[in-house]
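K.L.:
Coordinates in target-v4.csv, CSV, C-alpha atoms and all ligand atoms, are listed below.
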chain,number,residue,atom,x,y,z
A,1,MET,CA,20.6,-4.0,-2.1
A,2,THR,CA,19.3,-1.4,0.3
A,3,ARG,CA,15.7,-0.4,-0.2
A,4,ARG,CA,14.4,3.0,0.9
A,5,ALA,CA,11.7,2.5,3.5
A,6,LEU,CA,8.2,3.7,2.6
A,7,MET,CA,5.9,4.6,5.4
A,8,ALA,CA,2.3,4.9,4.2
A,9,GLY,CA,-0.8,6.2,5.9
A,10,ASN,CA,-4.2,5.1,4.6
A,11,TRP,CA,-6.8,7.4,6.0
A,12,LYS,CA,-9.7,5.4,4.5
A,13,MET,CA,-13.1,7.2,4.8
A,14,HIS,CA,-11.9,9.5,7.5
A,15,LYS,CA,-11.4,13.3,7.7
A,16,THR,CA,-13.1,16.2,6.0
A,17,ALA,CA,-11.0,18.3,3.6
A,18,ALA,CA,-10.1,20.8,6.4
A,19,GLU,CA,-9.3,18.0,8.9
A,20,ALA,CA,-7.2,16.2,6.4
A,21,LYS,CA,-5.2,19.3,5.6
A,22,LEU,CA,-4.5,19.9,9.3
A,23,LEU,CA,-3.4,16.3,9.8
A,24,ALA,CA,-1.1,16.5,6.7
A,25,GLU,CA,0.5,19.6,8.1
A,26,GLN,CA,1.1,17.8,11.4
A,27,VAL,CA,2.5,14.8,9.7
A,28,ALA,CA,4.8,17.0,7.6
A,29,ALA,CA,6.1,18.5,10.9
A,30,PHE,CA,6.9,15.1,12.3
A,31,GLY,CA,8.5,14.2,9.0
A,32,GLN,CA,10.8,17.2,9.0
A,33,GLY,CA,14.4,16.1,8.8
A,34,VAL,CA,13.4,12.5,7.7
A,35,THR,CA,15.5,12.2,4.6
A,36,ASP,CA,16.3,8.5,4.4
A,37,ARG,CA,12.8,7.2,4.0
A,38,ASP,CA,9.7,8.0,2.0
A,39,ILE,CA,6.3,9.1,3.5
A,40,LEU,CA,3.1,8.5,1.6
A,41,LEU,CA,-0.4,9.8,2.6
A,42,ALA,CA,-3.6,8.4,1.1
A,43,PRO,CA,-6.5,10.7,2.1
A,44,PRO,CA,-10.0,10.4,0.8
A,45,PHE,CA,-10.4,11.7,-2.8
A,46,THR,CA,-12.2,14.8,-1.5
A,47,ALA,CA,-9.2,15.9,0.5
A,48,LEU,CA,-6.4,15.1,-2.0
A,49,GLY,CA,-6.0,18.7,-3.3
A,50,GLY,CA,-5.7,20.2,0.1
A,51,VAL,CA,-3.3,17.6,1.4
A,52,ALA,CA,-1.1,17.9,-1.7
A,53,GLU,CA,-1.1,21.7,-1.1
A,54,ALA,CA,-0.2,21.2,2.6
A,55,VAL,CA,2.8,18.9,1.9
A,56,LYS,CA,4.1,20.7,-1.2
A,57,GLY,CA,7.9,20.9,-1.1
A,58,THR,CA,8.2,18.3,1.7
A,59,GLY,CA,8.8,15.3,-0.5
A,60,ILE,CA,5.7,13.6,1.0
A,61,ILE,CA,4.0,11.4,-1.6
A,62,VAL,CA,0.2,11.9,-2.0
A,63,ALA,CA,-1.8,8.9,-3.1
A,64,GLY,CA,-5.4,8.0,-4.1
A,65,GLN,CA,-6.9,5.1,-2.2
A,66,ASN,CA,-8.0,3.6,-5.5
A,67,VAL,CA,-7.9,4.5,-9.2
A,68,CYS,CA,-9.8,3.6,-12.4
A,69,TRP,CA,-8.1,2.3,-15.5
A,70,GLU,CA,-9.6,4.7,-17.9
A,71,GLU,CA,-8.7,8.4,-18.3
A,72,GLN,CA,-12.3,9.5,-18.5
A,73,GLY,CA,-15.7,8.2,-19.5
A,74,ALA,CA,-18.9,6.7,-18.2
A,75,PHE,CA,-17.6,5.2,-15.0
A,76,THR,CA,-19.9,6.7,-12.3
A,77,GLY,CA,-18.2,7.0,-8.9
A,78,GLU,CA,-14.7,6.3,-10.3
A,79,ILE,CA,-11.6,8.6,-10.3
A,80,SER,CA,-9.1,8.4,-13.2
A,81,PRO,CA,-5.3,8.5,-12.9
A,82,LEU,CA,-5.3,11.9,-14.7
A,83,MET,CA,-7.7,13.3,-12.0
A,84,LEU,CA,-5.4,12.1,-9.3
A,85,LYS,CA,-2.4,13.7,-10.9
A,86,ASP,CA,-4.4,16.9,-11.5
A,87,LEU,CA,-4.8,17.2,-7.7
A,88,GLY,CA,-1.1,16.6,-7.0
A,89,ALA,CA,-1.2,12.9,-6.3
A,90,SER,CA,1.6,10.7,-7.8
A,91,ALA,CA,0.5,7.3,-6.4
A,92,ALA,CA,-2.5,5.1,-5.7
A,93,LEU,CA,-3.4,2.1,-3.7
A,94,VAL,CA,-5.2,-0.8,-5.4
A,95,GLY,CA,-6.7,-4.1,-4.1
A,96,HIS,CA,-7.1,-3.0,-0.5
A,97,SER,CA,-8.9,-5.8,1.4
A,98,GLU,CA,-11.8,-3.5,2.0
A,99,ARG,CA,-12.2,-3.0,-1.8
A,100,ARG,CA,-11.9,-6.8,-2.3
A,101,GLN,CA,-14.2,-7.8,0.6
A,102,ILE,CA,-16.8,-5.1,0.9
A,103,PHE,CA,-16.9,-3.9,-2.7
A,104,ARG,CA,-16.2,-7.2,-4.3
A,105,GLU,CA,-13.4,-6.0,-6.5
A,106,THR,CA,-11.8,-9.0,-8.4
A,107,ASP,CA,-8.2,-9.8,-9.1
A,108,GLU,CA,-8.9,-8.9,-12.7
A,109,MET,CA,-10.3,-5.5,-11.9
A,110,ILE,CA,-7.4,-4.8,-9.5
A,111,ASN,CA,-4.9,-5.7,-12.2
A,112,ARG,CA,-6.6,-3.3,-14.7
A,113,ARG,CA,-6.5,-0.5,-12.1
A,114,LEU,CA,-2.8,-1.2,-11.4
A,115,ARG,CA,-1.9,-1.1,-15.1
A,116,GLY,CA,-4.0,2.0,-15.7
A,117,GLY,CA,-2.2,3.8,-13.0
A,118,LEU,CA,1.2,2.6,-14.1
A,119,ASP,CA,0.5,3.7,-17.7
A,120,GLN,CA,-0.2,7.2,-16.4
A,121,GLY,CA,3.1,7.3,-14.5
A,122,LEU,CA,1.7,6.7,-11.0
A,123,THR,CA,3.5,4.7,-8.3
A,124,MET,CA,1.1,1.8,-7.5
A,125,VAL,CA,0.7,0.0,-4.2
A,126,LEU,CA,-0.8,-3.4,-4.8
A,127,CYS,CA,-2.4,-4.7,-1.6
A,128,ILE,CA,-2.7,-8.4,-1.0
A,129,GLY,CA,-3.5,-10.6,1.9
A,130,GLU,CA,-5.3,-13.7,3.2
A,131,THR,CA,-8.4,-13.9,5.3
A,132,LEU,CA,-8.4,-15.7,8.7
A,133,GLU,CA,-10.2,-18.6,7.2
A,134,GLU,CA,-7.6,-19.0,4.4
A,135,ARG,CA,-4.8,-18.8,6.9
A,136,GLU,CA,-6.3,-21.4,9.2
A,137,SER,CA,-6.9,-23.8,6.3
A,138,GLY,CA,-3.3,-23.5,5.3
A,139,GLN,CA,-3.9,-21.6,2.1
A,140,THR,CA,-2.0,-18.4,2.8
A,141,MET,CA,0.8,-18.8,0.3
A,142,GLU,CA,-1.5,-20.1,-2.4
A,143,ILE,CA,-3.7,-17.0,-2.0
A,144,LEU,CA,-0.7,-14.6,-1.9
A,145,GLU,CA,0.6,-16.3,-5.1
A,146,LYS,CA,-2.7,-15.9,-6.9
A,147,GLN,CA,-3.1,-12.3,-5.9
A,148,VAL,CA,0.5,-11.4,-6.9
A,149,ARG,CA,0.4,-13.3,-10.2
A,150,SER,CA,-3.0,-11.8,-11.2
A,151,GLY,CA,-2.2,-8.4,-9.8
A,152,LEU,CA,1.0,-8.1,-11.8
A,153,ALA,CA,-0.4,-9.8,-15.0
A,154,GLU,CA,0.9,-8.0,-18.1
A,155,VAL,CA,3.0,-5.6,-16.1
A,156,ALA,CA,6.2,-4.9,-17.9
A,157,ALA,CA,9.5,-5.3,-16.1
A,158,ALA,CA,10.3,-1.7,-16.9
A,159,GLN,CA,7.2,-0.6,-14.9
A,160,MET,CA,8.1,-2.6,-11.9
A,161,ILE,CA,10.2,0.2,-10.6
A,162,ARG,CA,6.9,2.0,-9.7
A,163,VAL,CA,5.3,-1.0,-8.1
A,164,VAL,CA,5.1,-1.6,-4.3
A,165,ILE,CA,3.4,-4.6,-2.7
A,166,ALA,CA,1.6,-4.2,0.6
A,167,TYR,CA,1.1,-7.5,2.5
A,168,GLU,CA,-1.9,-7.1,4.7
A,169,PRO,CA,-3.3,-10.2,6.4
A,170,VAL,CA,-7.0,-9.4,6.4
A,171,TRP,CA,-7.4,-10.7,9.9
A,172,ALA,CA,-4.9,-8.1,11.2
A,173,ILE,CA,-6.5,-5.0,9.6
A,174,GLY,CA,-8.2,-2.8,12.1
A,175,THR,CA,-8.4,-5.7,14.6
A,176,GLY,CA,-5.5,-4.9,16.9
A,177,LYS,CA,-4.0,-8.3,15.9
A,178,THR,CA,-0.7,-8.1,14.2
A,179,ALA,CA,0.9,-11.0,12.4
A,180,SER,CA,3.8,-12.3,14.4
A,181,ILE,CA,7.1,-11.1,13.2
A,182,ASP,CA,7.9,-14.6,11.8
A,183,GLN,CA,4.5,-14.8,10.0
A,184,ALA,CA,5.1,-11.4,8.4
A,185,GLN,CA,8.7,-12.1,7.4
A,186,GLU,CA,7.7,-15.5,6.0
A,187,ALA,CA,5.0,-13.9,3.8
A,188,HIS,CA,7.3,-11.1,2.6
A,189,GLY,CA,10.1,-13.5,1.8
A,190,PHE,CA,7.7,-15.6,-0.2
A,191,ILE,CA,6.4,-12.6,-2.1
A,192,ARG,CA,9.9,-11.5,-3.0
A,193,ARG,CA,10.8,-15.0,-4.3
A,194,LEU,CA,7.7,-15.0,-6.3
A,195,VAL,CA,8.7,-11.7,-8.0
A,196,VAL,CA,12.1,-13.3,-8.7
A,197,ASP,CA,10.3,-16.0,-10.6
A,198,LEU,CA,8.0,-13.6,-12.4
A,199,TYR,CA,10.7,-11.1,-13.3
A,200,GLU,CA,14.3,-11.2,-12.2
A,201,LYS,CA,16.4,-11.0,-9.2
A,202,ASP,CA,17.3,-7.3,-9.4
A,203,ILE,CA,13.6,-6.3,-9.8
A,204,ALA,CA,12.6,-8.4,-6.8
A,205,ALA,CA,15.6,-7.1,-4.8
A,206,SER,CA,14.7,-3.5,-5.3
A,207,MET,CA,10.9,-3.8,-4.9
A,208,ARG,CA,9.5,-2.6,-1.7
A,209,ILE,CA,7.1,-4.8,0.3
A,210,LEU,CA,5.2,-3.1,3.0
A,211,TYR,CA,3.5,-4.8,6.0
A,212,GLY,CA,0.0,-3.7,7.0
A,213,GLY,CA,-2.3,-4.8,9.8
A,214,SER,CA,-2.5,-3.0,13.1
A,215,VAL,CA,0.9,-1.4,12.8
A,216,LYS,CA,1.5,0.9,15.7
A,217,PRO,CA,4.3,2.8,17.5
A,218,ALA,CA,4.8,-0.3,19.8
A,219,ASN,CA,5.5,-2.8,17.0
A,220,ILE,CA,7.0,-0.7,14.2
A,221,ASP,CA,10.7,-1.0,15.2
A,222,GLU,CA,10.5,-4.8,15.4
A,223,LEU,CA,8.7,-5.1,12.1
A,224,MET,CA,11.2,-2.8,10.3
A,225,ALA,CA,14.1,-4.8,11.6
A,226,GLN,CA,13.0,-7.8,9.3
A,227,PRO,CA,15.0,-8.2,6.2
A,228,ASP,CA,12.1,-8.3,3.8
A,229,ILE,CA,9.9,-5.7,5.4
A,230,ASP,CA,10.5,-2.4,3.7
A,231,GLY,CA,7.9,-0.2,5.2
A,232,ALA,CA,4.3,-0.1,6.5
A,233,LEU,CA,0.8,0.6,5.3
A,234,VAL,CA,-0.9,2.0,8.3
A,235,GLY,CA,-4.6,2.6,8.9
A,236,GLY,CA,-5.9,3.5,12.3
A,237,ALA,CA,-2.6,4.7,13.7
A,238,ALA,CA,-2.1,7.0,10.7
A,239,LEU,CA,-5.1,9.1,11.8
A,240,ASP,CA,-3.2,10.4,14.8
A,241,ALA,CA,-0.3,12.6,13.9
A,242,GLU,CA,1.8,11.7,16.9
A,243,SER,CA,1.4,7.9,16.4
A,244,PHE,CA,2.2,8.2,12.7
A,245,GLY,CA,5.0,10.5,13.5
A,246,ARG,CA,6.5,7.9,15.8
A,247,ILE,CA,6.0,5.2,13.1
A,248,ILE,CA,7.7,7.3,10.4
A,249,ASN,CA,10.6,7.9,12.8
A,250,PHE,CA,11.1,4.2,13.5
A,251,SER,CA,14.5,3.2,14.5
A,301,LIG,C1,-5.0,-0.6,6.4
A,301,LIG,O1,-6.0,0.1,6.3
A,301,LIG,O2,-4.4,-0.9,5.3
A,301,LIG,C2,-4.6,-1.1,7.7
A,301,LIG,C3,-3.6,-1.9,7.8
A,301,LIG,O3,-5.4,-0.7,8.8
A,301,LIG,P1,-4.9,-0.8,10.3
A,301,LIG,O4,-3.5,-0.3,10.4
A,301,LIG,O5,-5.9,0.0,11.1
A,301,LIG,O6,-5.0,-2.3,10.7
In structure tokens, write the structure found in this file.
Ligand code: PEP
P.N.:
Amino acid sequence: MTRRALMAGNWKMHKTAAEAKLLAEQVAAFGQGVTDRDILLAPPFTALGGVAEAVKGTGIIVAGQNVCWEEQGAFTGEISPLMLKDLGASAALVGHSERRQIFRETDEMINRRLRGGLDQGLTMVLCIGETLEERESGQTMEILEKQVRSGLAEVAAAQMIRVVIAYEPVWAIGTGKTASIDQAQEAHGFIRRLVVDLYEKDIAASMRILYGGSVKPANIDELMAQPDIDGALVGGAALDAESFGRIINFS
């Protein structure tokens, strides 16, 4: 089964609305002629509308960096799936390690966010990954299994077509350290086998698993050559159009 690559940029809390629009236009220029892979941009909420406008007609997917499970209500500081769609977004990230570590989001909360987004038709990128301490104490696969099982709890097989998993070892995010190719492929293979167990072979075979953690132009080609790496979730290098342009044009 061939999976269409997905190259995603997570801009985190960077860029004003005007700066984000400009970066989106530059990325769109680098993405021109790229027809065999998907490109996704996750700007801050405040820049979503402008970015969606800037990439209209290019096929670039616009995503929120998080999403609430409710459509509306007393949830100060949250953004609903309907609000994301209203601004032109069709996807959202959930469970990013910064949400888990800094803002103490739990597996249960992340699962609710994921299901809320799926129910409203969004494509959902579930981010998972172990900390350095967990890796060093030999708990990596156990942690990944827990995050996948709880993240996908009560997600129907029919909705899995809109689920993407991003494996991002926490110790590799923004640190300049990338997991070795073998470590990344081992984790991706493990995640795919887990999805076979939870669902079925076809669902696992068509589900995209992205690698994230200090992805840059220098390592993207090697990462993308791995059988279970179907794309990348890129932080720092996605803030520079030329670097991200090189990443989306991996060979
Ligand atoms: C991320 O934000 O998901 C990420 C992987 O960041 P970086 O590429 O900067 O490590």
K.L.:
Return the single residue from A:Arg208, A:Lys21, A:His96, A:Arg192 that is closest to ligand LIG 301 (chain A), with distances computed using only C-alpha atoms and all ligand atoms.
P.N.:
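Closest residue, counting only C-alpha atoms and all ligand atoms: A:His96.
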K.L.:
Out of A:Ala225, A:Leu114, A:Val148, A:Ala157, which residue has the shortest atom-to-atom distance to Asp182 of chain A when counting only C-alpha atoms?
P.N.:
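Smallest separation from Asp182 of chain A among the options: A:Ala225.
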K.L.:
Please tabulate, as a tab-separated table, the residues of chain A that come within 6 Å of ligand LIG 301 (chain A), each with its closest pair of atoms and the distance in Å to one decimal, counting all atoms listed in the file and ordering rows by chain, then residue number upward.
P.N.:
residue	atom	partner	partner_atom	distance
A:Asn10	CA	A:LIG301	O1	5.6
A:Ala172	CA	A:LIG301	O6	5.8
A:Ile173	CA	A:LIG301	O6	3.3
A:Gly174	CA	A:LIG301	O6	3.5
A:Gly212	CA	A:LIG301	C3	4.1
A:Gly213	CA	A:LIG301	C3	3.8
A:Ser214	CA	A:LIG301	O6	3.5
A:Val215	CA	A:LIG301	O4	5.1
A:Leu233	CA	A:LIG301	O2	5.4
A:Val234	CA	A:LIG301	O4	4.1
A:Gly235	CA	A:LIG301	O3	3.4
A:Gly236	CA	A:LIG301	O5	3.7
K.L.:
Excluding Ala18 of chain A and residues on its chain fewer than 3 positions from it, collect all residues at most 12 Å away from it, counting only C-alpha atoms, and give them as a list of chain:residue names.
P.N.:
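Listed by chain and then number, they are A:His14, A:Lys15, A:Lys21, A:Leu22, A:Leu23, A:Ala24, A:Glu25, A:Pro43, A:Pro44, A:Thr46, A:Ala47, A:Leu48, A:Gly49, A:Gly50, A:Val51, A:Glu53, A:Ala54.
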K.L.:
Using atom CA of Ala238 of chain A and atom CA of Ala29 of chain A as the two end points, give the distance in Å to one decimal.
P.N.:
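Going from atom CA of Ala238 of chain A over to atom CA of Ala29 of chain A, I get 14.1 Å.
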